[in-house]
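K.L.:
Below is the file query.csv, which contains CSV, C-alpha atoms.
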```csv
chain,number,residue,atom,x,y,z
A,123,MET,CA,-86.5,-70.0,-16.2
A,124,PHE,CA,-83.1,-70.7,-17.8
A,125,LYS,CA,-82.8,-67.0,-18.8
A,126,LYS,CA,-83.5,-65.9,-15.2
A,127,ILE,CA,-80.8,-68.3,-13.8
A,128,SER,CA,-78.3,-67.1,-16.4
A,129,LEU,CA,-79.0,-63.5,-15.6
A,130,LEU,CA,-78.5,-64.1,-11.9
A,131,LEU,CA,-75.2,-65.9,-12.5
A,132,VAL,CA,-73.9,-63.0,-14.7
A,133,THR,CA,-75.0,-60.5,-12.0
A,134,GLY,CA,-73.3,-62.5,-9.3
A,135,LEU,CA,-70.0,-62.7,-11.3
A,136,SER,CA,-70.1,-59.0,-12.0
A,137,ILE,CA,-70.4,-58.2,-8.3
A,138,LEU,CA,-67.5,-60.5,-7.5
A,139,LEU,CA,-65.3,-58.9,-10.2
A,140,LEU,CA,-66.1,-55.4,-9.0
A,141,ALA,CA,-65.3,-56.3,-5.4
A,142,SER,CA,-62.0,-57.8,-6.5
A,143,CYS,CA,-61.1,-54.7,-8.5
A,144,LYS,CA,-61.9,-52.4,-5.7
A,145,SER,CA,-59.7,-54.4,-3.3
A,146,THR,CA,-56.8,-54.3,-5.7
A,147,VAL,CA,-57.2,-50.6,-6.3
A,148,ASN,CA,-57.3,-49.8,-2.6
A,149,GLY,CA,-54.2,-52.0,-2.0
A,150,ASN,CA,-52.3,-50.2,-4.7
A,151,THR,CA,-53.3,-46.8,-3.4
A,152,ALA,CA,-52.2,-47.7,0.1
A,153,ASN,CA,-48.8,-48.9,-1.2
A,154,ASP,CA,-48.4,-45.7,-3.3
A,155,SER,CA,-49.2,-43.6,-0.2
A,156,SER,CA,-46.7,-45.5,1.9
A,157,SER,CA,-44.0,-45.3,-0.9
A,158,SER,CA,-44.7,-41.6,-1.3
A,159,ALA,CA,-44.5,-41.0,2.5
A,160,LYS,CA,-41.1,-42.9,2.6
A,161,THR,CA,-39.8,-40.9,-0.4
A,162,SER,CA,-40.9,-37.6,1.1
A,163,LYS,CA,-39.3,-38.5,4.4
A,164,SER,CA,-36.0,-39.5,2.7
A,165,HIS,CA,-35.7,-36.1,0.8
A,166,THR,CA,-36.5,-34.2,4.0
A,167,SER,CA,-33.7,-36.1,5.8
A,168,GLU,CA,-31.2,-35.5,3.0
A,169,SER,CA,-32.1,-31.8,2.6
A,170,THR,CA,-31.6,-31.1,6.3
A,171,SER,CA,-28.0,-32.3,6.2
A,172,PRO,CA,-26.6,-29.4,3.9
A,173,SER,CA,-28.7,-27.0,5.8
A,174,SER,CA,-27.2,-28.1,9.1
A,175,SER,CA,-23.7,-28.0,7.6
A,176,SER,CA,-24.4,-24.6,6.2
A,177,SER,CA,-25.6,-23.4,9.5
A,178,SER,CA,-22.5,-24.7,11.2
A,179,SER,CA,-20.3,-23.1,8.6
A,180,SER,CA,-22.2,-19.8,8.9
A,181,SER,CA,-21.8,-19.9,12.6
A,182,GLU,CA,-18.1,-20.4,12.4
A,183,GLU,CA,-17.8,-17.6,9.8
A,184,GLU,CA,-19.8,-15.3,12.0
A,185,SER,CA,-17.6,-16.2,14.9
A,186,SER,CA,-14.5,-15.4,12.9
A,187,GLN,CA,-16.0,-12.1,11.7
A,188,ASP,CA,-17.0,-11.2,15.3
A,189,GLN,CA,-13.4,-11.9,16.4
A,190,SER,CA,-12.0,-9.7,13.5
A,191,THR,CA,-14.4,-6.9,14.1
A,192,THR,CA,-13.9,-6.7,17.8
A,193,THR,CA,-10.4,-5.2,17.2
A,194,SER,CA,-9.7,-2.2,14.9
A,195,PRO,CA,-7.3,-2.7,12.0
A,196,LEU,CA,-3.6,-1.7,12.4
A,197,THR,CA,-2.8,1.6,10.6
A,198,PHE,CA,0.5,3.0,9.5
A,199,ASP,CA,0.4,5.7,12.2
A,200,GLU,CA,-0.3,3.2,14.9
A,201,GLY,CA,2.4,0.9,13.5
A,202,MET,CA,4.9,3.7,13.7
A,203,GLN,CA,3.8,4.5,17.2
A,204,ILE,CA,4.3,0.8,18.2
A,205,LEU,CA,7.8,0.8,16.6
A,206,GLN,CA,8.8,4.1,18.3
A,207,GLN,CA,8.1,2.4,21.6
A,208,SER,CA,9.9,-0.8,20.8
A,209,VAL,CA,13.5,-1.9,20.8
A,210,TYR,CA,13.6,-0.9,17.1
A,211,LYS,CA,13.0,2.8,17.7
A,212,ASP,CA,16.5,3.8,16.5
A,213,TYR,CA,16.1,1.9,13.2
A,214,ILE,CA,13.0,3.6,11.8
A,215,ASN,CA,13.8,7.3,11.5
A,216,ASP,CA,15.1,7.4,7.9
A,217,SER,CA,12.1,7.8,5.5
A,218,PRO,CA,9.7,5.1,6.9
A,219,GLN,CA,7.2,3.9,4.3
A,220,LEU,CA,4.2,1.6,4.3
A,221,VAL,CA,5.0,-1.5,2.2
A,222,SER,CA,1.7,-3.4,2.6
A,223,ASN,CA,-1.1,-3.9,5.1
A,224,ASP,CA,-4.3,-5.7,5.7
A,225,ASN,CA,-6.6,-5.8,8.8
A,226,HIS,CA,-4.2,-7.5,11.1
A,227,LYS,CA,-0.8,-7.2,9.6
A,228,LEU,CA,1.3,-4.4,8.1
A,229,VAL,CA,4.9,-4.1,6.8
A,230,ILE,CA,6.9,-0.9,7.3
A,231,SER,CA,10.3,-0.2,5.7
A,232,ALA,CA,13.0,2.4,6.7
A,233,TYR,CA,16.3,3.2,5.1
A,234,ALA,CA,19.6,2.7,7.0
A,235,GLY,CA,22.5,4.6,5.5
A,236,ALA,CA,23.3,4.8,1.8
A,237,LYS,CA,22.3,1.3,0.8
A,238,GLY,CA,20.7,-0.3,3.9
A,239,ILE,CA,17.0,-1.0,4.4
A,240,ASN,CA,15.1,-2.6,7.2
A,241,TYR,CA,11.6,-4.2,7.1
A,242,PHE,CA,9.3,-4.5,10.1
A,243,THR,CA,6.3,-6.8,10.0
A,244,LEU,CA,3.7,-6.2,12.7
A,245,THR,CA,1.1,-8.9,13.2
A,246,LEU,CA,-1.9,-8.4,15.5
A,247,PHE,CA,-3.0,-11.4,17.5
A,248,GLY,CA,-5.1,-12.1,20.6
A,249,SER,CA,-7.0,-9.1,22.0
A,250,ASN,CA,-4.2,-6.6,22.1
A,251,GLN,CA,-0.9,-8.1,21.3
A,252,VAL,CA,1.4,-7.2,18.4
A,253,LYS,CA,4.3,-9.4,17.3
A,254,ILE,CA,7.1,-7.5,15.5
A,255,HIS,CA,9.4,-9.3,13.1
A,256,ALA,CA,12.5,-7.3,12.1
A,257,GLU,CA,14.6,-7.9,9.0
A,258,PHE,CA,17.8,-5.9,8.7
A,259,GLY,CA,19.4,-5.8,5.3
A,260,THR,CA,21.1,-4.1,2.4
A,261,LEU,CA,20.2,-3.3,-1.2
A,262,ASP,CA,23.8,-3.5,-2.3
A,263,GLY,CA,24.0,-5.5,-5.5
A,264,GLY,CA,20.5,-4.5,-6.5
A,265,LYS,CA,18.6,-7.0,-4.3
A,266,PHE,CA,17.7,-7.3,-0.6
A,267,THR,CA,20.2,-9.3,1.4
A,268,ASN,CA,19.7,-10.0,5.1
A,269,LEU,CA,22.3,-8.8,7.6
A,270,HIS,CA,22.6,-10.9,10.8
A,271,ASP,CA,25.1,-8.9,12.7
A,272,VAL,CA,22.7,-6.2,13.9
A,273,ASP,CA,22.6,-5.6,17.6
A,274,ALA,CA,18.8,-6.0,17.9
A,275,PRO,CA,16.5,-9.0,18.3
A,276,GLU,CA,14.7,-10.5,15.4
A,277,TYR,CA,11.3,-10.6,17.2
A,278,GLN,CA,9.6,-8.6,19.9
A,279,THR,CA,6.0,-8.9,21.2
A,280,VAL,CA,4.4,-5.8,22.6
A,281,THR,CA,1.0,-4.7,23.9
A,282,ARG,CA,-1.0,-2.6,21.5
A,283,PRO,CA,-1.3,1.0,22.7
A,284,ASN,CA,-4.8,2.1,23.5
A,285,ALA,CA,-6.0,-1.4,23.1
A,286,THR,CA,-9.2,-0.9,25.0
A,287,ALA,CA,-10.0,2.3,23.2
A,288,SER,CA,-10.0,2.8,19.6
A,289,THR,CA,-12.3,1.5,16.9
A,290,SER,CA,-11.5,4.4,14.6
A,291,SER,CA,-8.3,5.9,13.3
A,292,ASN,CA,-6.7,8.8,15.2
A,293,ASP,CA,-6.5,10.6,11.8
A,294,ASN,CA,-10.3,11.1,12.0
A,295,ASP,CA,-10.4,12.2,15.6
A,296,SER,CA,-10.0,15.9,15.8
A,297,SER,CA,-9.5,15.8,19.6
A,298,SER,CA,-6.9,13.1,19.7
A,299,THR,CA,-3.5,14.0,21.3
A,300,ILE,CA,-0.3,11.9,21.0
A,301,GLN,CA,3.2,12.4,22.4
A,302,SER,CA,5.1,12.1,19.1
A,303,VAL,CA,5.3,13.4,15.6
A,304,PRO,CA,2.7,11.6,13.3
A,305,ALA,CA,4.4,8.9,11.3
A,306,LYS,CA,3.6,10.4,7.9
A,307,PHE,CA,5.9,13.4,8.7
A,308,ILE,CA,8.9,11.4,9.9
A,309,GLY,CA,11.9,11.6,7.6
A,310,LYS,CA,13.9,14.2,5.7
A,311,TRP,CA,12.2,16.7,3.4
A,312,LYS,CA,13.4,19.7,1.4
A,313,LYS,CA,12.3,22.7,-0.7
A,314,THR,CA,14.8,23.6,-3.3
A,315,ASP,CA,15.6,27.4,-3.7
A,316,SER,CA,18.4,27.4,-6.2
A,317,PHE,CA,21.6,25.7,-7.5
A,318,LYS,CA,25.0,27.4,-7.6
A,319,THR,CA,28.3,26.4,-9.1
A,320,GLU,CA,31.1,27.3,-6.7
A,321,SER,CA,34.8,27.9,-7.3
A,322,ASP,CA,35.6,24.2,-7.0
A,323,GLY,CA,33.5,23.5,-10.1
A,324,LYS,CA,30.8,21.7,-8.1
A,325,LYS,CA,27.1,22.5,-8.2
A,326,TYR,CA,25.6,23.0,-4.8
A,327,GLU,CA,21.9,23.0,-3.9
A,328,TYR,CA,20.4,25.6,-1.6
A,329,ALA,CA,17.2,24.5,0.1
A,330,LYS,CA,15.0,24.8,3.1
A,331,LEU,CA,15.2,21.7,5.3
A,332,PHE,CA,12.7,19.8,7.4
A,333,HIS,CA,13.8,16.7,9.3
A,334,ALA,CA,11.4,15.0,11.8
A,335,THR,CA,11.9,12.1,14.1
A,336,SER,CA,9.3,10.8,16.5
A,337,ASN,CA,10.3,13.3,19.2
A,338,SER,CA,11.9,16.2,17.3
A,339,ILE,CA,11.6,18.6,14.3
A,340,LEU,CA,14.7,20.2,12.8
A,341,LEU,CA,14.1,23.3,10.6
A,342,GLY,CA,16.6,25.5,8.7
A,343,GLU,CA,18.4,26.0,5.4
A,344,THR,CA,21.5,24.6,3.9
A,345,TYR,CA,24.7,26.3,4.9
A,346,THR,CA,23.0,28.2,7.8
A,347,ASP,CA,22.2,27.2,11.3
A,348,CYS,CA,19.4,24.6,11.8
A,349,TYR,CA,17.3,24.4,14.9
A,350,LYS,CA,16.0,21.3,16.5
A,351,TYR,CA,12.7,21.6,18.4
A,352,THR,CA,11.9,18.9,21.0
A,353,VAL,CA,8.3,17.6,20.7
A,354,SER,CA,6.1,17.6,23.8
A,355,SER,CA,2.8,16.6,22.3
A,356,CYS,CA,0.8,16.6,19.0
A,357,LYS,CA,-2.9,17.3,18.6
A,358,SER,CA,-4.9,16.4,15.6
A,359,LEU,CA,-6.9,19.2,14.1
A,360,GLY,CA,-8.4,17.1,11.3
A,361,PRO,CA,-7.5,14.3,9.0
A,362,ASN,CA,-4.3,16.0,7.7
A,363,ASP,CA,-3.7,18.9,10.1
A,364,TYR,CA,-1.7,18.9,13.3
A,365,ALA,CA,-0.6,21.3,16.0
A,366,VAL,CA,2.7,20.1,17.5
A,367,GLU,CA,3.7,21.6,20.8
A,368,THR,CA,7.5,21.9,21.0
A,369,LYS,CA,10.3,23.4,23.1
A,370,VAL,CA,12.5,26.1,21.4
A,371,PRO,CA,16.2,25.3,21.5
A,372,ILE,CA,18.3,27.1,24.1
A,373,THR,CA,15.4,29.1,25.6
A,374,ASN,CA,13.2,26.1,26.1
A,375,GLU,CA,10.1,28.2,25.5
A,376,SER,CA,6.9,26.6,24.2
A,377,GLN,CA,6.3,26.9,20.4
A,378,ILE,CA,3.4,25.5,18.3
A,379,ILE,CA,4.4,24.2,14.9
A,380,TYR,CA,1.5,23.6,12.5
A,381,LEU,CA,1.9,20.7,10.0
A,382,HIS,CA,-0.2,19.8,7.0
A,383,TYR,CA,0.0,16.5,5.1
A,384,TYR,CA,-0.7,16.9,1.3
A,385,SER,CA,0.7,13.6,0.0
A,386,LYS,CA,3.6,11.2,0.5
A,387,ASP,CA,5.8,13.6,-1.3
A,388,LYS,CA,4.5,16.9,0.0
A,389,ILE,CA,4.0,18.5,3.5
A,390,GLY,CA,3.5,21.9,4.9
A,391,GLU,CA,4.9,23.7,8.0
A,392,LYS,CA,4.2,27.0,9.7
A,393,PHE,CA,4.6,28.7,13.1
A,394,ASN,CA,1.4,30.8,13.0
A,395,SER,CA,-2.1,29.5,12.2
A,396,SER,CA,-2.9,32.5,10.1
A,397,ASP,CA,0.3,32.2,7.9
A,398,ASP,CA,0.7,30.2,4.7
A,399,PHE,CA,2.4,26.9,4.9
A,400,THR,CA,6.0,26.6,3.8
A,401,ILE,CA,5.9,23.7,1.4
A,402,PHE,CA,8.5,20.9,1.4
A,403,ASP,CA,8.0,18.8,-1.8
A,404,SER,CA,10.9,16.5,-2.1
A,405,ARG,CA,12.5,13.7,-0.1
A,406,ALA,CA,15.5,13.4,-2.4
A,407,PRO,CA,19.0,14.0,-1.0
A,408,VAL,CA,20.3,17.6,-1.1
A,409,LEU,CA,22.9,17.9,-3.8
A,410,ASN,CA,26.5,18.0,-2.4
A,411,TYR,CA,25.3,18.8,1.1
A,412,ASP,CA,26.6,16.7,4.0
A,413,ALA,CA,26.0,18.6,7.2
A,414,SER,CA,26.3,16.4,10.3
A,415,GLU,CA,22.9,17.6,11.7
A,416,TRP,CA,21.2,16.6,8.4
```
Just dump the structure as structure tokens.
P.N.:
Amino acid sequence: MFKKISLLLVTGLSILLLASCKSTVNGNTANDSSSSAKTSKSHTSESTSPSSSSSSSSSEEESSQDQSTTTSPLTFDEGMQILQQSVYKDYINDSPQLVSNDNHKLVISAYAGAKGINYFTLTLFGSNQVKIHAEFGTLDGGKFTNLHDVDAPEYQTVTRPNATASTSSNDNDSSSTIQSVPAKFIGKWKKTDSFKTESDGKKYEYAKLFHATSNSILLGETYTDCYKYTVSSCKSLGPNDYAVETKVPITNESQIIYLHYYSKDKIGEKFNSSDDFTIFDSRAPVLNYDASEW
């Protein structure tokens, strides 16, 4: 009898202990699940913040890219065209050169006399506006010094030509026609034929001459007559080939002059499309030659 009672007590205690353990386990499981849920929610919240920031930054970047791609970059030829139509048109005819450029800004320089040099910074802003900053100066003394007595404004804002049109460069458009000489040909070029020492003891250079401004082309040779052709229009025949329609001096008849651009130090000119180009391969001054028309 005593053994049966003891067995019942042991069984009862075991049941109570199992029930207590199960309750504790269930409670801990619930707490773990709740903690896990809170932790998961916290990471999710933290991870969405950078994503949101990244999305915002990306959106701003795309907006900036959209703005920059809606307008085509400024090119040297277009910059020269802008300057030729500005108040600075008389200050850019002596060997203009590209100094630097990026998508929306470029700098062009041009000589002015023996030691003078001018810099023009063109900045594209808005949809079709160009701000020109002109700096007139001299290289006398071996460094650039600003001159402030030039009769021209320091700034001018102009409307970009063909603003609604182009997304590609005119150089690649074989059908494009402009009203001036392409910028890459503007300046003085020569082809040396010979040197001669005359009776005064000086050595003189004999050369073929090419001098282009935005609206004229002068051709000739040293110590002979030079002829200035007035430019009516210029049609691109390819990336480096042009047909320039001109008026012949005196007779005013129409004459096509074909131009080819080889490099910044070499160009070609001819009157007939079937002829070979006359090559001009130097922009250095002609030795002891000081003709007024040159």
K.L.:
Quick one: everything within 8 Å of segment 363-372 of chain A, counting only C-alpha atoms, minus sequence neighbours fewer than 4 positions away in the same chain. Send it as a list of chain:residue names.
P.N.:
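Selected residues are A:Val303, A:Tyr349, A:Lys350, A:Tyr351, A:Thr352, A:Val353, A:Ser354, A:Ser355, A:Cys356, A:Lys357, A:Ser358, A:Leu359, A:Ser376, A:Gln377, A:Ile378, A:Ile379, A:Tyr380, A:Leu381, A:His382, A:Tyr383.
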K.L.:
Go ahead and save the residues from that selection, with C-alpha atoms, as a PDB file, in the frame of the given file.
P.N.:
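So the final result, stored in selection_4.pdb, reads:
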```pdb
ATOM      1  CA  VAL A 303       5.300  13.400  15.600  1.00  0.00           C
ATOM      2  CA  TYR A 349      17.300  24.400  14.900  1.00  0.00           C
ATOM      3  CA  LYS A 350      16.000  21.300  16.500  1.00  0.00           C
ATOM      4  CA  TYR A 351      12.700  21.600  18.400  1.00  0.00           C
ATOM      5  CA  THR A 352      11.900  18.900  21.000  1.00  0.00           C
ATOM      6  CA  VAL A 353       8.300  17.600  20.700  1.00  0.00           C
ATOM      7  CA  SER A 354       6.100  17.600  23.800  1.00  0.00           C
ATOM      8  CA  SER A 355       2.800  16.600  22.300  1.00  0.00           C
ATOM      9  CA  CYS A 356       0.800  16.600  19.000  1.00  0.00           C
ATOM     10  CA  LYS A 357      -2.900  17.300  18.600  1.00  0.00           C
ATOM     11  CA  SER A 358      -4.900  16.400  15.600  1.00  0.00           C
ATOM     12  CA  LEU A 359      -6.900  19.200  14.100  1.00  0.00           C
ATOM     13  CA  SER A 376       6.900  26.600  24.200  1.00  0.00           C
ATOM     14  CA  GLN A 377       6.300  26.900  20.400  1.00  0.00           C
ATOM     15  CA  ILE A 378       3.400  25.500  18.300  1.00  0.00           C
ATOM     16  CA  ILE A 379       4.400  24.200  14.900  1.00  0.00           C
ATOM     17  CA  TYR A 380       1.500  23.600  12.500  1.00  0.00           C
ATOM     18  CA  LEU A 381       1.900  20.700  10.000  1.00  0.00           C
ATOM     19  CA  HIS A 382      -0.200  19.800   7.000  1.00  0.00           C
ATOM     20  CA  TYR A 383       0.000  16.500   5.100  1.00  0.00           C
TER      21      TYR A 383
END
```
K.L.:
For segment 236-247 of chain A, list every protein, DNA or RNA residue within 9 Å, evaluated using all atoms listed in the file, and leave out those in the same chain fewer than 4 positions away; present the list as a PyMOL selection string.
P.N.:
chain A and resi 195-196+201+204-205+210+213-214+221+225-232+251-262+266+268+282
K.L.:
Rounded to one decimal place, report the atom CA of Ala305 of chain A-atom CA of Ala274 of chain A distance in Å.
P.N.:
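Calculated distance between atom CA of Ala305 of chain A and atom CA of Ala274 of chain A is 21.7 Å.
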K.L.:
Can you tell me how far atom CA of Asp212 of chain A sits from atom CA of Thr314 of chain A, in Å to one decimal?
P.N.:
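Interatomic distance, atom CA of Asp212 of chain A to atom CA of Thr314 of chain A: 28.1 Å.
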K.L.:
Give me, as a PyMOL selection string, all polymer residues having an atom no more than 6 Å from Phe332 of chain A, counting all atoms listed in the file and skipping those fewer than 3 positions away in the same chain.
P.N.:
chain A and resi 310-311+340-341
K.L.:
Do you have the atom CA of Ile389 of chain A-atom CA of Phe307 of chain A distance handy?
P.N.:
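Rounded to one decimal, the two atoms are 7.5 Å apart.
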K.L.:
Counting all atoms listed in the file, which residue out of A:Pro361, A:Gly248, A:Pro275, A:Pro304 sits closest to Asp199 of chain A?
P.N.:
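Once distances to Asp199 of chain A are computed over all atoms listed in the file, the minimum belongs to A:Pro304.
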K.L.:
If we draw a sphere of 9 Å around (23.8, 17.7, -5.1), which residues have at least one atom in it when counting only C-alpha atoms? Please report them as a PyMOL selection string.
P.N.:
chain A and resi 317+324-327+407-411
K.L.:
Restricting the calculation to only C-alpha atoms: of A:Asn223, A:Ser404, A:Thr197, A:Ser208, which residue gets closest to Ser385 of chain A?
P.N.:
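Under the stated criterion, the closest residue is A:Ser404.
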K.L.:
Tell me, as JSON, numbers by chain, which residues lie within 6 Å of Tyr328 of chain A, counting only C-alpha atoms; anything in the same chain fewer than 3 positions away does not count.
P.N.:
{"A": [315, 316, 344]}
K.L.:
Using the block above, I'd like segment 190-210 of chain A written out, keeping N, CA, C and O atoms and formatting it as an mmCIF file, in the first residue's frame.
P.N.:
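Dumped everything to result30.cif:
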```
data_model
loop_
_atom_site.group_PDB
_atom_site.id
_atom_site.type_symbol
_atom_site.label_atom_id
_atom_site.label_comp_id
_atom_site.auth_asym_id
_atom_site.auth_seq_id
_atom_site.Cartn_x
_atom_site.Cartn_y
_atom_site.Cartn_z
ATOM 1 N N SER A 190 22.549 68.183 -68.780
ATOM 2 C CA SER A 190 23.777 68.352 -69.550
ATOM 3 C C SER A 190 23.688 67.706 -70.920
ATOM 4 O O SER A 190 24.359 68.121 -71.847
ATOM 5 N N THR A 191 22.848 66.675 -71.066
ATOM 6 C CA THR A 191 22.772 65.991 -72.353
ATOM 7 C C THR A 191 21.728 66.601 -73.280
ATOM 8 O O THR A 191 21.657 66.260 -74.435
ATOM 9 N N THR A 192 20.890 67.499 -72.738
ATOM 10 C CA THR A 192 19.896 68.113 -73.598
ATOM 11 C C THR A 192 20.519 69.147 -74.518
ATOM 12 O O THR A 192 19.940 69.499 -75.533
ATOM 13 N N THR A 193 21.689 69.676 -74.174
ATOM 14 C CA THR A 193 22.384 70.603 -75.047
ATOM 15 C C THR A 193 23.719 70.009 -75.462
ATOM 16 O O THR A 193 24.420 69.422 -74.654
ATOM 17 N N SER A 194 24.070 70.180 -76.739
ATOM 18 C CA SER A 194 25.325 69.620 -77.238
ATOM 19 C C SER A 194 26.496 70.465 -76.753
ATOM 20 O O SER A 194 26.365 71.664 -76.511
ATOM 21 N N PRO A 195 27.683 69.852 -76.603
ATOM 22 C CA PRO A 195 28.854 70.581 -76.109
ATOM 23 C C PRO A 195 29.281 71.689 -77.062
ATOM 24 O O PRO A 195 29.018 71.636 -78.265
ATOM 25 N N LEU A 196 29.945 72.699 -76.508
ATOM 26 C CA LEU A 196 30.540 73.742 -77.331
ATOM 27 C C LEU A 196 31.772 73.191 -78.045
ATOM 28 O O LEU A 196 32.572 72.488 -77.445
ATOM 29 N N THR A 197 31.930 73.504 -79.310
ATOM 30 C CA THR A 197 33.108 73.092 -80.074
ATOM 31 C C THR A 197 33.911 74.328 -80.461
ATOM 32 O O THR A 197 33.418 75.461 -80.381
ATOM 33 N N PHE A 198 35.144 74.104 -80.893
ATOM 34 C CA PHE A 198 35.992 75.225 -81.300
ATOM 35 C C PHE A 198 35.378 75.990 -82.468
ATOM 36 O O PHE A 198 35.339 77.220 -82.471
ATOM 37 N N ASP A 199 34.889 75.261 -83.467
ATOM 38 C CA ASP A 199 34.282 75.916 -84.629
ATOM 39 C C ASP A 199 33.080 76.759 -84.227
ATOM 40 O O ASP A 199 32.892 77.887 -84.704
ATOM 41 N N GLU A 200 32.244 76.202 -83.332
ATOM 42 C CA GLU A 200 31.074 76.953 -82.898
ATOM 43 C C GLU A 200 31.501 78.162 -82.063
ATOM 44 O O GLU A 200 30.912 79.240 -82.167
ATOM 45 N N GLY A 201 32.529 77.970 -81.221
ATOM 46 C CA GLY A 201 33.034 79.085 -80.431
ATOM 47 C C GLY A 201 33.524 80.215 -81.312
ATOM 48 O O GLY A 201 33.267 81.399 -81.046
ATOM 49 N N MET A 202 34.234 79.870 -82.386
ATOM 50 C CA MET A 202 34.705 80.888 -83.312
ATOM 51 C C MET A 202 33.530 81.577 -84.014
ATOM 52 O O MET A 202 33.543 82.789 -84.224
ATOM 53 N N GLN A 203 32.520 80.799 -84.351
ATOM 54 C CA GLN A 203 31.343 81.382 -84.983
ATOM 55 C C GLN A 203 30.668 82.378 -84.041
ATOM 56 O O GLN A 203 30.240 83.465 -84.451
ATOM 57 N N ILE A 204 30.596 82.017 -82.770
ATOM 58 C CA ILE A 204 30.000 82.914 -81.771
ATOM 59 C C ILE A 204 30.819 84.192 -81.644
ATOM 60 O O ILE A 204 30.275 85.303 -81.632
ATOM 61 N N LEU A 205 32.146 84.054 -81.571
ATOM 62 C CA LEU A 205 33.007 85.230 -81.434
ATOM 63 C C LEU A 205 32.946 86.118 -82.677
ATOM 64 O O LEU A 205 33.009 87.348 -82.581
ATOM 65 N N GLN A 206 32.828 85.499 -83.852
ATOM 66 C CA GLN A 206 32.758 86.264 -85.092
ATOM 67 C C GLN A 206 31.477 87.087 -85.191
ATOM 68 O O GLN A 206 31.405 88.047 -85.957
ATOM 69 N N GLN A 207 30.465 86.710 -84.401
ATOM 70 C CA GLN A 207 29.208 87.446 -84.397
ATOM 71 C C GLN A 207 29.068 88.322 -83.153
ATOM 72 O O GLN A 207 28.017 88.906 -82.911
ATOM 73 N N SER A 208 30.135 88.418 -82.375
ATOM 74 C CA SER A 208 30.102 89.191 -81.137
ATOM 75 C C SER A 208 30.829 90.524 -81.315
ATOM 76 O O SER A 208 31.332 90.836 -82.394
ATOM 77 N N VAL A 209 30.915 91.285 -80.225
ATOM 78 C CA VAL A 209 31.628 92.567 -80.276
ATOM 79 C C VAL A 209 33.143 92.362 -80.357
ATOM 80 O O VAL A 209 33.895 93.318 -80.549
ATOM 81 N N TYR A 210 33.584 91.108 -80.224
ATOM 82 C CA TYR A 210 35.018 90.812 -80.240
ATOM 83 C C TYR A 210 35.506 90.321 -81.607
ATOM 84 O O TYR A 210 36.628 89.822 -81.729
#
```
